[in-house]
>>> print(open('query15.pdb').read())   # PDB, C-alpha atoms, pLDDT in the B column
MODEL        1
ATOM      1  CA  MET A   1     -29.155  14.746 -18.897  1.00 54.00           C
ATOM      2  CA  THR A   2     -26.447  17.444 -19.018  1.00 58.00           C
ATOM      3  CA  PRO A   3     -24.155  17.685 -15.951  1.00 68.00           C
ATOM      4  CA  ASP A   4     -24.345  20.934 -13.973  1.00 68.00           C
ATOM      5  CA  LEU A   5     -20.593  21.343 -14.391  1.00 68.00           C
ATOM      6  CA  LEU A   6     -21.159  22.058 -18.089  1.00 77.00           C
ATOM      7  CA  SER A   7     -23.280  25.098 -17.283  1.00 74.00           C
ATOM      8  CA  GLY A   8     -20.319  27.464 -17.652  1.00 72.00           C
ATOM      9  CA  LEU A   9     -19.979  26.597 -21.339  1.00 78.00           C
ATOM     10  CA  PRO A  10     -21.889  28.261 -24.190  1.00 81.00           C
ATOM     11  CA  GLU A  11     -24.884  26.237 -25.383  1.00 84.00           C
ATOM     12  CA  ALA A  12     -23.163  25.040 -28.568  1.00 84.00           C
ATOM     13  CA  GLU A  13     -20.146  23.728 -26.635  1.00 83.00           C
ATOM     14  CA  ARG A  14     -22.387  22.075 -24.029  1.00 81.00           C
ATOM     15  CA  ARG A  15     -24.081  20.101 -26.805  1.00 86.00           C
ATOM     16  CA  ARG A  16     -20.765  19.075 -28.352  1.00 86.00           C
ATOM     17  CA  VAL A  17     -19.370  17.856 -25.032  1.00 86.00           C
ATOM     18  CA  ALA A  18     -22.621  16.056 -24.151  1.00 86.00           C
ATOM     19  CA  GLU A  19     -22.503  14.208 -27.489  1.00 89.00           C
ATOM     20  CA  LEU A  20     -19.127  12.716 -26.501  1.00 89.00           C
ATOM     21  CA  MET A  21     -20.408  11.250 -23.232  1.00 92.00           C
ATOM     22  CA  GLU A  22     -21.159   7.584 -22.594  1.00 95.00           C
ATOM     23  CA  ARG A  23     -23.662   6.519 -19.919  1.00 96.00           C
ATOM     24  CA  ARG A  24     -22.222   3.887 -17.570  1.00 97.00           C
ATOM     25  CA  HIS A  25     -23.736   1.887 -14.683  1.00 98.00           C
ATOM     26  CA  PHE A  26     -22.012   0.526 -11.561  1.00 98.00           C
ATOM     27  CA  THR A  27     -23.272  -1.710  -8.751  1.00 97.00           C
ATOM     28  CA  ARG A  28     -22.656  -1.194  -5.031  1.00 93.00           C
ATOM     29  CA  GLY A  29     -19.002  -1.930  -4.198  1.00 93.00           C
ATOM     30  CA  GLU A  30     -17.901  -1.830  -7.831  1.00 97.00           C
ATOM     31  CA  SER A  31     -14.920   0.319  -8.776  1.00 96.00           C
ATOM     32  CA  ILE A  32     -15.508   3.160 -11.212  1.00 97.00           C
ATOM     33  CA  TYR A  33     -11.727   3.003 -11.558  1.00 96.00           C
ATOM     34  CA  ARG A  34      -8.803   1.871  -9.411  1.00 95.00           C
ATOM     35  CA  GLU A  35      -5.539   3.470  -8.377  1.00 93.00           C
ATOM     36  CA  GLY A  36      -2.982   2.840 -11.137  1.00 92.00           C
ATOM     37  CA  ASP A  37      -5.557   2.406 -13.935  1.00 94.00           C
ATOM     38  CA  PRO A  38      -5.053   4.435 -17.123  1.00 92.00           C
ATOM     39  CA  GLY A  39      -6.594   7.904 -16.852  1.00 91.00           C
ATOM     40  CA  ASP A  40      -8.691   7.726 -19.986  1.00 91.00           C
ATOM     41  CA  CYS A  41     -11.882   9.611 -19.019  1.00 94.00           C
ATOM     42  CA  VAL A  42     -13.646  11.800 -16.495  1.00 92.00           C
ATOM     43  CA  HIS A  43     -16.907  10.610 -14.891  1.00 95.00           C
ATOM     44  CA  PHE A  44     -19.784  13.001 -14.191  1.00 93.00           C
ATOM     45  CA  ILE A  45     -21.959  11.462 -11.469  1.00 95.00           C
ATOM     46  CA  VAL A  46     -25.641  11.404 -12.434  1.00 94.00           C
ATOM     47  CA  GLU A  47     -27.101   9.059  -9.793  1.00 95.00           C
ATOM     48  CA  GLY A  48     -25.782   7.552  -6.561  1.00 96.00           C
ATOM     49  CA  TYR A  49     -22.745   8.212  -4.373  1.00 96.00           C
ATOM     50  CA  VAL A  50     -19.103   7.183  -4.564  1.00 96.00           C
ATOM     51  CA  VAL A  51     -16.183   7.210  -2.146  1.00 94.00           C
ATOM     52  CA  VAL A  52     -12.685   8.308  -3.184  1.00 93.00           C
ATOM     53  CA  LEU A  53      -9.900   6.186  -1.636  1.00 91.00           C
ATOM     54  CA  ARG A  54      -6.167   5.792  -1.678  1.00 88.00           C
ATOM     55  CA  THR A  55      -3.916   3.084  -0.254  1.00 83.00           C
ATOM     56  CA  THR A  56      -1.140   4.211   2.090  1.00 79.00           C
ATOM     57  CA  PRO A  57       2.390   2.727   1.897  1.00 80.00           C
ATOM     58  CA  THR A  58       1.443   0.443   4.818  1.00 80.00           C
ATOM     59  CA  GLY A  59      -1.578  -0.908   2.928  1.00 78.00           C
ATOM     60  CA  VAL A  60      -4.243   1.009   4.875  1.00 77.00           C
ATOM     61  CA  ARG A  61      -7.223   2.358   2.928  1.00 79.00           C
ATOM     62  CA  ALA A  62      -7.578   6.120   3.341  1.00 82.00           C
ATOM     63  CA  ALA A  63     -10.892   7.633   2.221  1.00 87.00           C
ATOM     64  CA  PHE A  64     -10.840  11.265   1.118  1.00 84.00           C
ATOM     65  CA  THR A  65     -14.428  12.149   0.427  1.00 88.00           C
ATOM     66  CA  VAL A  66     -17.874  11.045  -0.698  1.00 93.00           C
ATOM     67  CA  MET A  67     -19.168  12.525  -3.937  1.00 92.00           C
ATOM     68  CA  GLY A  68     -22.606  12.487  -5.507  1.00 93.00           C
ATOM     69  CA  PRO A  69     -24.800  13.785  -8.334  1.00 93.00           C
ATOM     70  CA  GLY A  70     -23.523  16.944  -9.996  1.00 87.00           C
ATOM     71  CA  GLU A  71     -19.862  16.227  -9.186  1.00 90.00           C
ATOM     72  CA  ALA A  72     -17.061  14.770 -11.294  1.00 90.00           C
ATOM     73  CA  VAL A  73     -14.216  12.318 -10.621  1.00 92.00           C
ATOM     74  CA  GLY A  74     -11.100  11.657 -12.667  1.00 91.00           C
ATOM     75  CA  GLU A  75     -10.804  15.197 -14.012  1.00 88.00           C
ATOM     76  CA  LEU A  76      -6.986  15.071 -14.221  1.00 86.00           C
ATOM     77  CA  SER A  77      -7.389  12.745 -17.203  1.00 88.00           C
ATOM     78  CA  LEU A  78      -8.555  15.761 -19.233  1.00 85.00           C
ATOM     79  CA  LEU A  79      -5.317  17.564 -18.406  1.00 83.00           C
ATOM     80  CA  ARG A  80      -2.995  14.619 -19.097  1.00 81.00           C
ATOM     81  CA  PRO A  81      -4.718  11.640 -20.776  1.00 76.00           C
ATOM     82  CA  ASP A  82      -1.494   9.573 -20.611  1.00 79.00           C
ATOM     83  CA  THR A  83      -1.359   9.529 -16.800  1.00 85.00           C
ATOM     84  CA  HIS A  84      -2.566   6.852 -14.374  1.00 90.00           C
ATOM     85  CA  ARG A  85      -5.220   7.164 -11.689  1.00 93.00           C
ATOM     86  CA  THR A  86      -3.942   8.428  -8.344  1.00 89.00           C
ATOM     87  CA  ALA A  87      -6.913   7.115  -6.341  1.00 92.00           C
ATOM     88  CA  THR A  88      -9.651   4.488  -6.344  1.00 95.00           C
ATOM     89  CA  VAL A  89     -13.312   5.449  -6.701  1.00 96.00           C
ATOM     90  CA  GLU A  90     -15.935   2.919  -5.497  1.00 96.00           C
ATOM     91  CA  ALA A  91     -19.714   2.969  -5.688  1.00 96.00           C
ATOM     92  CA  LEU A  92     -21.420   3.158  -2.289  1.00 93.00           C
ATOM     93  CA  GLU A  93     -24.728   2.216  -3.961  1.00 93.00           C
ATOM     94  CA  PRO A  94     -25.917   1.776  -7.558  1.00 96.00           C
ATOM     95  CA  VAL A  95     -24.268   4.591  -9.523  1.00 97.00           C
ATOM     96  CA  VAL A  96     -24.804   6.079 -12.980  1.00 97.00           C
ATOM     97  CA  THR A  97     -22.163   8.280 -14.601  1.00 97.00           C
ATOM     98  CA  LEU A  98     -21.612  10.062 -17.882  1.00 95.00           C
ATOM     99  CA  ALA A  99     -18.057   9.287 -19.011  1.00 95.00           C
ATOM    100  CA  LEU A 100     -16.207  11.806 -21.159  1.00 92.00           C
ATOM    101  CA  ASP A 101     -13.257  10.327 -23.058  1.00 93.00           C
ATOM    102  CA  ALA A 102     -10.122  12.393 -22.469  1.00 91.00           C
ATOM    103  CA  ARG A 103      -8.717  12.128 -25.982  1.00 89.00           C
ATOM    104  CA  ALA A 104     -12.051  12.974 -27.576  1.00 89.00           C
ATOM    105  CA  PHE A 105     -12.255  16.012 -25.308  1.00 88.00           C
ATOM    106  CA  ALA A 106      -8.712  17.064 -26.294  1.00 88.00           C
ATOM    107  CA  ALA A 107      -9.594  16.803 -29.974  1.00 88.00           C
ATOM    108  CA  LEU A 108     -12.710  18.915 -29.467  1.00 86.00           C
ATOM    109  CA  ALA A 109     -10.789  21.493 -27.422  1.00 85.00           C
ATOM    110  CA  ALA A 110      -8.223  21.828 -30.211  1.00 86.00           C
ATOM    111  CA  GLN A 111     -11.071  22.881 -32.505  1.00 85.00           C
ATOM    112  CA  ARG A 112     -13.067  24.833 -29.922  1.00 83.00           C
ATOM    113  CA  PRO A 113     -10.769  26.309 -27.233  1.00 84.00           C
ATOM    114  CA  GLU A 114     -13.850  27.554 -25.361  1.00 81.00           C
ATOM    115  CA  VAL A 115     -14.395  24.085 -23.913  1.00 82.00           C
ATOM    116  CA  TYR A 116     -11.213  24.416 -21.869  1.00 83.00           C
ATOM    117  CA  ARG A 117     -13.412  26.419 -19.502  1.00 82.00           C
ATOM    118  CA  LEU A 118     -14.816  23.058 -18.373  1.00 82.00           C
ATOM    119  CA  LEU A 119     -11.331  21.842 -17.440  1.00 81.00           C
ATOM    120  CA  VAL A 120     -10.587  25.044 -15.525  1.00 84.00           C
ATOM    121  CA  ASP A 121     -13.830  24.697 -13.529  1.00 84.00           C
ATOM    122  CA  LEU A 122     -13.148  21.032 -12.703  1.00 82.00           C
ATOM    123  CA  LEU A 123      -9.597  21.708 -11.547  1.00 83.00           C
ATOM    124  CA  ALA A 124     -10.715  24.691  -9.438  1.00 85.00           C
ATOM    125  CA  VAL A 125     -13.124  22.416  -7.539  1.00 81.00           C
ATOM    126  CA  ARG A 126     -10.307  19.890  -7.023  1.00 81.00           C
ATOM    127  CA  VAL A 127      -7.882  22.499  -5.653  1.00 82.00           C
ATOM    128  CA  VAL A 128     -10.405  23.787  -3.106  1.00 82.00           C
ATOM    129  CA  ARG A 129     -11.195  20.239  -1.934  1.00 78.00           C
ATOM    130  CA  LEU A 130      -7.520  19.291  -1.546  1.00 78.00           C
ATOM    131  CA  SER A 131      -6.742  22.523   0.303  1.00 80.00           C
ATOM    132  CA  ASP A 132      -9.522  21.840   2.821  1.00 78.00           C
ATOM    133  CA  HIS A 133      -8.270  18.301   3.433  1.00 75.00           C
ATOM    134  CA  LEU A 134      -4.690  19.499   3.872  1.00 75.00           C
ATOM    135  CA  VAL A 135      -5.665  22.078   6.499  1.00 77.00           C
ATOM    136  CA  ASP A 136      -7.722  19.468   8.380  1.00 76.00           C
ATOM    137  CA  ALA A 137      -4.884  16.933   8.301  1.00 72.00           C
ATOM    138  CA  LEU A 138      -2.326  19.419   9.614  1.00 72.00           C
ATOM    139  CA  TYR A 139      -4.253  21.362  12.219  1.00 80.00           C
ATOM    140  CA  ALA A 140      -7.584  19.775  13.204  1.00 85.00           C
ATOM    141  CA  THR A 141      -8.086  17.423  16.140  1.00 92.00           C
ATOM    142  CA  VAL A 142      -9.825  14.071  15.685  1.00 92.00           C
ATOM    143  CA  GLU A 143     -13.027  15.498  17.146  1.00 95.00           C
ATOM    144  CA  GLU A 144     -12.925  18.462  14.778  1.00 93.00           C
ATOM    145  CA  ARG A 145     -12.264  16.224  11.765  1.00 93.00           C
ATOM    146  CA  VAL A 146     -15.116  13.845  12.614  1.00 95.00           C
ATOM    147  CA  ILE A 147     -17.611  16.681  13.122  1.00 95.00           C
ATOM    148  CA  ARG A 148     -16.521  18.439   9.922  1.00 93.00           C
ATOM    149  CA  ARG A 149     -16.886  15.238   7.927  1.00 94.00           C
ATOM    150  CA  LEU A 150     -20.377  14.752   9.339  1.00 96.00           C
ATOM    151  CA  VAL A 151     -21.308  18.298   8.323  1.00 94.00           C
ATOM    152  CA  ASP A 152     -19.776  17.764   4.852  1.00 92.00           C
ATOM    153  CA  LEU A 153     -21.747  14.544   4.450  1.00 94.00           C
ATOM    154  CA  CYS A 154     -24.974  16.350   5.380  1.00 94.00           C
ATOM    155  CA  ARG A 155     -24.311  18.726   2.485  1.00 91.00           C
ATOM    156  CA  ILE A 156     -23.639  15.818   0.136  1.00 91.00           C
ATOM    157  CA  TYR A 157     -26.601  13.624   1.137  1.00 93.00           C
ATOM    158  CA  GLY A 158     -28.983  16.475   1.874  1.00 92.00           C
ATOM    159  CA  VAL A 159     -30.858  17.808   4.900  1.00 92.00           C
ATOM    160  CA  VAL A 160     -34.621  17.327   5.290  1.00 92.00           C
ATOM    161  CA  HIS A 161     -36.516  19.237   7.993  1.00 93.00           C
ATOM    162  CA  GLY A 162     -33.242  19.978   9.750  1.00 94.00           C
ATOM    163  CA  GLN A 163     -32.247  16.310   9.891  1.00 95.00           C
ATOM    164  CA  ALA A 164     -29.982  14.041   7.869  1.00 96.00           C
ATOM    165  CA  VAL A 165     -29.469  10.298   7.562  1.00 95.00           C
ATOM    166  CA  LEU A 166     -26.070   9.143   6.356  1.00 95.00           C
ATOM    167  CA  PRO A 167     -26.033   5.578   4.950  1.00 93.00           C
ATOM    168  CA  LEU A 168     -22.498   4.989   6.203  1.00 92.00           C
ATOM    169  CA  THR A 169     -20.889   2.891   8.928  1.00 91.00           C
ATOM    170  CA  GLN A 170     -18.658   4.151  11.725  1.00 92.00           C
ATOM    171  CA  SER A 171     -15.737   2.559   9.878  1.00 91.00           C
ATOM    172  CA  ASP A 172     -16.622   4.568   6.750  1.00 91.00           C
ATOM    173  CA  LEU A 173     -16.676   7.761   8.813  1.00 93.00           C
ATOM    174  CA  ALA A 174     -13.343   6.873  10.451  1.00 92.00           C
ATOM    175  CA  GLU A 175     -11.706   6.464   7.024  1.00 89.00           C
ATOM    176  CA  LEU A 176     -13.160   9.757   5.809  1.00 91.00           C
ATOM    177  CA  SER A 177     -11.966  11.536   8.964  1.00 90.00           C
ATOM    178  CA  GLY A 178      -8.455  10.117   8.836  1.00 86.00           C
ATOM    179  CA  ALA A 179      -8.923   8.669  12.325  1.00 88.00           C
ATOM    180  CA  SER A 180      -8.965   5.235  13.913  1.00 89.00           C
ATOM    181  CA  ARG A 181     -12.306   3.547  14.459  1.00 92.00           C
ATOM    182  CA  PRO A 182     -11.972   3.595  18.283  1.00 94.00           C
ATOM    183  CA  ALA A 183     -11.194   7.336  18.249  1.00 95.00           C
ATOM    184  CA  THR A 184     -14.104   8.005  15.885  1.00 95.00           C
ATOM    185  CA  ASN A 185     -16.401   5.913  18.081  1.00 95.00           C
ATOM    186  CA  ARG A 186     -15.441   7.979  21.144  1.00 96.00           C
ATOM    187  CA  VAL A 187     -16.353  11.197  19.317  1.00 96.00           C
ATOM    188  CA  LEU A 188     -19.665   9.732  18.137  1.00 96.00           C
ATOM    189  CA  LYS A 189     -20.533   8.557  21.633  1.00 95.00           C
ATOM    190  CA  GLY A 190     -19.910  12.067  22.919  1.00 96.00           C
ATOM    191  CA  LEU A 191     -22.160  13.529  20.231  1.00 96.00           C
ATOM    192  CA  ALA A 192     -24.805  10.892  20.973  1.00 95.00           C
ATOM    193  CA  ALA A 193     -24.771  11.907  24.651  1.00 95.00           C
ATOM    194  CA  GLN A 194     -25.608  15.450  23.498  1.00 95.00           C
ATOM    195  CA  GLY A 195     -28.460  14.188  21.316  1.00 95.00           C
ATOM    196  CA  LEU A 196     -26.694  15.221  18.111  1.00 96.00           C
ATOM    197  CA  VAL A 197     -26.157  11.707  16.748  1.00 96.00           C
ATOM    198  CA  ILE A 198     -28.218   8.517  16.738  1.00 96.00           C
ATOM    199  CA  LEU A 199     -26.215   5.453  15.729  1.00 94.00           C
ATOM    200  CA  ALA A 200     -27.834   2.537  13.941  1.00 91.00           C
ATOM    201  CA  ARG A 201     -26.590  -0.413  11.923  1.00 90.00           C
ATOM    202  CA  GLY A 202     -25.209   0.863   8.627  1.00 89.00           C
ATOM    203  CA  ARG A 203     -26.310   4.474   9.106  1.00 93.00           C
ATOM    204  CA  ILE A 204     -25.829   7.596  11.192  1.00 96.00           C
ATOM    205  CA  HIS A 205     -28.859   9.765  11.997  1.00 96.00           C
ATOM    206  CA  LEU A 206     -28.290  13.458  12.708  1.00 96.00           C
ATOM    207  CA  PRO A 207     -31.493  14.868  14.256  1.00 96.00           C
ATOM    208  CA  ASP A 208     -30.308  18.496  14.491  1.00 95.00           C
ATOM    209  CA  VAL A 209     -27.870  19.409  11.728  1.00 96.00           C
ATOM    210  CA  SER A 210     -27.780  23.102  12.616  1.00 95.00           C
ATOM    211  CA  ALA A 211     -26.673  22.313  16.168  1.00 95.00           C
ATOM    212  CA  LEU A 212     -23.957  20.017  14.855  1.00 94.00           C
ATOM    213  CA  ARG A 213     -22.827  22.676  12.384  1.00 94.00           C
ATOM    214  CA  ALA A 214     -22.512  25.159  15.247  1.00 94.00           C
ATOM    215  CA  LEU A 215     -19.699  23.015  16.677  1.00 93.00           C
ATOM    216  CA  THR A 216     -17.481  23.518  13.620  1.00 84.00           C
TER     217      THR A 216
ENDMDL
END
>>> encode(input="query15.pdb", output="structure tokens")
Amino acid sequence: MTPDLLSGLPEAERRRVAELMERRHFTRGESIYREGDPGDCVHFIVEGYVVVLRTTPTGVRAAFTVMGPGEAVGELSLLRPDTHRTATVEALEPVVTLALDARAFAALAAQRPEVYRLLVDLLAVRVVRLSDHLVDALYATVEERVIRRLVDLCRIYGVVHGQAVLPLTQSDLAELSGASRPATNRVLKGLAAQGLVILARGRIHLPDVSALRALT
């Protein structure tokens, strides 16, 4: 299986990059890599979902985003293979990735500069994601952040017949929203009173995604 993010490369380069990839499997709760680990490869997610986390100076876990099939994590390793990971990536369920070794990629790029297009595409996605998070952190209220994360998660997990089921806890959502659990719970209770959220153990059901999206 060739990751969608390789689609910008010519066919010959796609094959060369794909030949360098190693299929890896991770169980629920297992780390794909941890903050401080050597940045030796980029992972293209084939199956399952992961959460990207970082530890604050006070020891609190801060979750940035959930990522799934078709996305990549650890792309900075292709830019500087000698660096260390700046975040932790954990599997939320069984996950399969295709790992591309950074030094092998650099050697290929030295021969075929066209493959640097892959690096440009990966970094462009990263910049957009970080810009969105920065704007939210600086200007959005807790309610706005929680609702936006719910809408983002609908895009990631998919919407069926106008509904979505997110296999996440309220604590997971609080981390992703950069809010406390009590504050997140208050927002969810307000949404539940409007019929936009149904809370259950280990999951959040959104019966009308379009109505929720209208609040953003």
>>> resolve_selection(input="query15.pdb", expression="the PyMOL selection byres ((chain A and resi 173-180) around 6)", output="PyMOL selection string")
chain A and resi 62-64+145-146+170-172+181-184
>>> resolve_selection(input="query15.pdb", expression="the PyMOL selection byres ((chain A and resi 97) around 7)", output="PDB file with C-alpha atoms, keeping the file's coordinate frame")
ATOM      1  CA  ARG A  23     -23.662   6.519 -19.919  1.00 96.00           C
ATOM      2  CA  ARG A  24     -22.222   3.887 -17.570  1.00 97.00           C
ATOM      3  CA  HIS A  25     -23.736   1.887 -14.683  1.00 98.00           C
ATOM      4  CA  HIS A  43     -16.907  10.610 -14.891  1.00 95.00           C
ATOM      5  CA  PHE A  44     -19.784  13.001 -14.191  1.00 93.00           C
ATOM      6  CA  ILE A  45     -21.959  11.462 -11.469  1.00 95.00           C
ATOM      7  CA  VAL A  46     -25.641  11.404 -12.434  1.00 94.00           C
ATOM      8  CA  GLU A  47     -27.101   9.059  -9.793  1.00 95.00           C
ATOM      9  CA  VAL A  95     -24.268   4.591  -9.523  1.00 97.00           C
ATOM     10  CA  VAL A  96     -24.804   6.079 -12.980  1.00 97.00           C
ATOM     11  CA  LEU A  98     -21.612  10.062 -17.882  1.00 95.00           C
ATOM     12  CA  ALA A  99     -18.057   9.287 -19.011  1.00 95.00           C
TER      13      ALA A  99
END
>>> residues_around(input="query15.pdb", residues="region 15-19 of chain A", least_positions_apart="5", cutoff="10 Å", atoms="only C-alpha atoms", output="list of chain:residue names")
A:Met1, A:Thr2, A:Pro3, A:Leu6, A:Leu9, A:Pro10, A:Leu98, A:Ala99, A:Leu100, A:Asp101, A:Ala104, A:Phe105, A:Leu108, A:Ala109, A:Arg112, A:Val115, A:Leu118
>>> write_last_selection(input="query15.pdb", atoms="C-alpha atoms", output="tab-separated table (two decimals), keeping the file's coordinate frame")
chain	number	residue	atom	x	y	z
A	1	MET	CA	-29.16	14.75	-18.90
A	2	THR	CA	-26.45	17.44	-19.02
A	3	PRO	CA	-24.16	17.68	-15.95
A	6	LEU	CA	-21.16	22.06	-18.09
A	9	LEU	CA	-19.98	26.60	-21.34
A	10	PRO	CA	-21.89	28.26	-24.19
A	98	LEU	CA	-21.61	10.06	-17.88
A	99	ALA	CA	-18.06	9.29	-19.01
A	100	LEU	CA	-16.21	11.81	-21.16
A	101	ASP	CA	-13.26	10.33	-23.06
A	104	ALA	CA	-12.05	12.97	-27.58
A	105	PHE	CA	-12.26	16.01	-25.31
A	108	LEU	CA	-12.71	18.92	-29.47
A	109	ALA	CA	-10.79	21.49	-27.42
A	112	ARG	CA	-13.07	24.83	-29.92
A	115	VAL	CA	-14.40	24.08	-23.91
A	118	LEU	CA	-14.82	23.06	-18.37
>>> atom_distance(input="query15.pdb", atom1="CA of Tyr33 (chain A)", atom2="CA of Arg80 (chain A)")
16.4 Å
>>> atom_distance(input="query15.pdb", atom1="CA of Pro207 (chain A)", atom2="CA of Leu166 (chain A)")
11.2 Å
>>> closest_residue(input="query15.pdb", among="A:Gly48, A:Gly195, A:Gly202, A:Pro57", to="Leu168 (chain A)", atoms="all atoms listed in the file")
A:Gly202
>>> atom_distance(input="query15.pdb", atom1="CA of Leu53 (chain A)", atom2="CA of Ser131 (chain A)")
16.8 Å
>>> closest_residue(input="query15.pdb", among="A:Arg149, A:Val209, A:Arg28, A:Asp82", to="Asp132 (chain A)", atoms="all atoms listed in the file")
A:Arg149
>>> resolve_selection(input="query15.pdb", expression="the PyMOL selection byres ((chain A and resi 89) around 10)", output="VMD selection string")
chain A and resid 29 to 35 50 to 54 63 65 to 67 73 to 74 85 to 88 90 to 92
>>> closest_residue(input="query15.pdb", among="A:Thr141, A:Thr169, A:Asn185, A:Gln111", to="Arg203 (chain A)", atoms="only C-alpha atoms")
A:Thr169
>>> residues_near_point(input="query15.pdb", point="(-22.4, 3.8, 21.4)", cutoff="12 Å", atoms="only C-alpha atoms", output="ChimeraX atom specification")
/A:170,182,184-193,197-201,204
>>> closest_residue(input="query15.pdb", among="A:Ile156, A:Arg213, A:Asp208, A:Ala164", to="Gly70 (chain A)", atoms="all atoms listed in the file")
A:Ile156
>>> residues_around(input="query15.pdb", residues="Asp121 (chain A)", least_positions_apart="5", cutoff="12 Å", atoms="all atoms listed in the file", output="MDAnalysis selection string")
chainID A and resid 4:9 71:72 75:76 78 115:116 126:128
>>> build_atoms(input="query15.pdb", residues="region 40-51 of chain A", atoms="N, CA and C atoms", output="PDB file, in the coordinates of the input")
ATOM      1  N   ASP A  40      -8.193   7.547 -18.622  1.00 91.00           N
ATOM      2  CA  ASP A  40      -8.691   7.726 -19.986  1.00 91.00           C
ATOM      3  C   ASP A  40      -9.969   8.554 -20.083  1.00 91.00           C
ATOM      4  N   CYS A  41     -10.622   8.862 -18.943  1.00 94.00           N
ATOM      5  CA  CYS A  41     -11.882   9.611 -19.019  1.00 94.00           C
ATOM      6  C   CYS A  41     -12.208  10.240 -17.674  1.00 94.00           C
ATOM      7  N   VAL A  42     -13.101  11.206 -17.708  1.00 92.00           N
ATOM      8  CA  VAL A  42     -13.646  11.800 -16.495  1.00 92.00           C
ATOM      9  C   VAL A  42     -15.091  11.328 -16.370  1.00 92.00           C
ATOM     10  N   HIS A  43     -15.546  11.074 -15.141  1.00 95.00           N
ATOM     11  CA  HIS A  43     -16.907  10.610 -14.891  1.00 95.00           C
ATOM     12  C   HIS A  43     -17.713  11.712 -14.207  1.00 95.00           C
ATOM     13  N   PHE A  44     -18.825  12.094 -14.815  1.00 93.00           N
ATOM     14  CA  PHE A  44     -19.784  13.001 -14.191  1.00 93.00           C
ATOM     15  C   PHE A  44     -20.853  12.137 -13.523  1.00 93.00           C
ATOM     16  N   ILE A  45     -21.024  12.307 -12.215  1.00 95.00           N
ATOM     17  CA  ILE A  45     -21.959  11.462 -11.469  1.00 95.00           C
ATOM     18  C   ILE A  45     -23.389  11.961 -11.697  1.00 95.00           C
ATOM     19  N   VAL A  46     -24.240  11.073 -12.166  1.00 94.00           N
ATOM     20  CA  VAL A  46     -25.641  11.404 -12.434  1.00 94.00           C
ATOM     21  C   VAL A  46     -26.547  10.897 -11.315  1.00 94.00           C
ATOM     22  N   GLU A  47     -26.299   9.659 -10.867  1.00 95.00           N
ATOM     23  CA  GLU A  47     -27.101   9.059  -9.793  1.00 95.00           C
ATOM     24  C   GLU A  47     -26.175   8.300  -8.842  1.00 95.00           C
ATOM     25  N   GLY A  48     -26.524   8.319  -7.549  1.00 96.00           N
ATOM     26  CA  GLY A  48     -25.782   7.552  -6.561  1.00 96.00           C
ATOM     27  C   GLY A  48     -24.583   8.299  -6.001  1.00 96.00           C
ATOM     28  N   TYR A  49     -23.881   7.607  -5.075  1.00 96.00           N
ATOM     29  CA  TYR A  49     -22.745   8.212  -4.373  1.00 96.00           C
ATOM     30  C   TYR A  49     -21.532   7.298  -4.455  1.00 96.00           C
ATOM     31  N   VAL A  50     -20.355   7.923  -4.492  1.00 96.00           N
ATOM     32  CA  VAL A  50     -19.103   7.183  -4.564  1.00 96.00           C
ATOM     33  C   VAL A  50     -18.176   7.656  -3.451  1.00 96.00           C
ATOM     34  N   VAL A  51     -17.208   6.821  -3.106  1.00 94.00           N
ATOM     35  CA  VAL A  51     -16.183   7.210  -2.146  1.00 94.00           C
ATOM     36  C   VAL A  51     -14.840   7.183  -2.860  1.00 94.00           C
TER      37      VAL A  51
END
